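Beneath this line is the structure, given in structure tokens, with notes to follow.
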Amino acid sequence: MNTGITPDYLDAVLAHVAANPSQAYEALVQDLRTTFPGHHISVCGGDDVSPRLSPAAGNAVCEIYYVATGEHCLSLTNDVAAATGIVVALRDDED
């Protein structure tokens, strides 16, 4: 299944977040949803994501994780084929 969440898509999201590193969570998520329509996008702090999960992509500002929907719930996944969206986890300044 091609979800449209390609490496180029992830790179574009990473570049966009890196260009706007001081945006507040609410403004950033709205900006990302407007700029990259068609997929669910959430924003959180890096420490809100389990360290047991591997990011799909990352840079100095954030890491991206895949999100899947199923069983009426959202969950993080490592399976791009199951992904319906992404979570952008912002790194703390201390990372």
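Residues are named by chain letter and number: chains run A, B, ... in the order of the structure tokens, numbers start at 1 in each chain, and ligands are numbered from 1 in the order shown.
Residues of chain A carrying a DSSP assignment of strand (DSSP E or B), computed from the backbone, are His40, Ile41, Ser42, Val43, Cys44, Gly45, Ala57, Gly58, Cys62, Glu63, Ile64, Tyr65, Tyr66, Val67, Ala68, Thr69, Gly70, Cys73, Leu74, Ser75, Leu76, Thr77, Gly85, Ile86, Val87, Val88, Ala89 and Leu90 of chain A.
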Selection: 7 Å around range 57-61 of chain A, only C-alpha atoms, excl. self and same-chain fewer than 5 positions, as a list in words: Leu10, Leu14, Ala18, Pro21, Leu90 and Arg91 of chain A
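For the residues A:Thr84, A:Ser42, A:Ser22, A:Thr35, ranking by smallest atom-to-atom distance to Glu63 in chain A using only C-alpha atoms places A:Ser42 first.
In this comparison, which uses only C-alpha atoms, the residue of A:Val13, A:Ile5, A:Ala68, A:Ala56 approaching Arg33 in chain A most closely is A:Val13.
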Spatial neighbours of Leu76 in chain A, 8 Å, only C-alpha atoms, chain gap at least 2 places, as a list in words: Tyr65, Tyr66, Val67, Ala68, Leu74 and Asn78 of chain A
Could those residues be written to a file, using C-alpha atoms, as a JSON list (two decimals), in the first residue's frame?
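See result.json below for the written result:
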[["chain", "number", "residue", "atom", "x", "y", "z"],
["A", 65, "TYR", "CA", 7.37, 8.90, 13.68],
["A", 66, "TYR", "CA", 4.72, 7.09, 11.64],
["A", 67, "VAL", "CA", 1.13, 7.00, 12.87],
["A", 68, "ALA", "CA", -1.38, 4.29, 11.96],
["A", 74, "LEU", "CA", -4.10, 6.08, 16.69],
["A", 78, "ASN", "CA", 7.46, 1.44, 12.29]]
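When only C-alpha atoms are used to compute distances to Arg52 in chain A, the closest of the residues A:Gln23, A:Thr77, A:Val87, A:Asp11 turns out to be A:Thr77.
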Just want the 10 Å neighbourhood of Leu32 in chain A, counted on only C-alpha atoms, with same-chain residues fewer than 6 positions away dropped. Output as a PyMOL selection string. chain A and resi 13+16-17+40-43+88
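Note that CA of Ala24 in chain A and CA of Asp79 in chain A are 28.8 Å apart.
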Give me every helix (DSSP H, G or I) residue in chain A, going by DSSP on the backbone, as a PDB file with C-alpha atoms, in the first residue's frame.
ATOM      1  CA  PRO A   7      11.326   9.814   2.160  1.00  0.00           C
ATOM      2  CA  ASP A   8      10.925  13.029   0.119  1.00  0.00           C
ATOM      3  CA  TYR A   9       7.780  13.894   2.095  1.00  0.00           C
ATOM      4  CA  LEU A  10       9.616  13.323   5.384  1.00  0.00           C
ATOM      5  CA  ASP A  11      12.572  15.421   4.176  1.00  0.00           C
ATOM      6  CA  ALA A  12      10.221  18.265   3.222  1.00  0.00           C
ATOM      7  CA  VAL A  13       8.558  18.173   6.649  1.00  0.00           C
ATOM      8  CA  LEU A  14      11.958  18.115   8.387  1.00  0.00           C
ATOM      9  CA  ALA A  15      13.153  21.101   6.349  1.00  0.00           C
ATOM     10  CA  HIS A  16       9.946  23.006   7.070  1.00  0.00           C
ATOM     11  CA  VAL A  17      10.192  22.430  10.820  1.00  0.00           C
ATOM     12  CA  ALA A  18      13.902  23.348  10.807  1.00  0.00           C
ATOM     13  CA  ALA A  19      13.055  26.631   9.057  1.00  0.00           C
ATOM     14  CA  TYR A  25       3.159  23.661  19.004  1.00  0.00           C
ATOM     15  CA  GLU A  26      -0.324  24.863  18.042  1.00  0.00           C
ATOM     16  CA  ALA A  27       0.955  27.225  15.332  1.00  0.00           C
ATOM     17  CA  LEU A  28       3.367  24.614  14.007  1.00  0.00           C
ATOM     18  CA  VAL A  29       0.757  21.864  13.708  1.00  0.00           C
ATOM     19  CA  GLN A  30      -1.622  24.221  11.872  1.00  0.00           C
ATOM     20  CA  ASP A  31       1.204  25.353   9.585  1.00  0.00           C
ATOM     21  CA  LEU A  32       2.213  21.752   8.824  1.00  0.00           C
ATOM     22  CA  ARG A  33      -1.378  20.653   8.173  1.00  0.00           C
ATOM     23  CA  THR A  34      -1.844  23.566   5.757  1.00  0.00           C
ATOM     24  CA  THR A  35       1.491  23.033   4.012  1.00  0.00           C
ATOM     25  CA  GLY A  46      10.480  14.460  22.047  1.00  0.00           C
ATOM     26  CA  ASP A  47      10.114  13.140  25.564  1.00  0.00           C
ATOM     27  CA  ASP A  48       6.452  12.310  24.842  1.00  0.00           C
ATOM     28  CA  VAL A  80       5.330   2.843   6.540  1.00  0.00           C
ATOM     29  CA  ALA A  81       2.765   0.730   4.664  1.00  0.00           C
ATOM     30  CA  ALA A  82       0.384   1.049   7.621  1.00  0.00           C
TER      31      ALA A  82
END
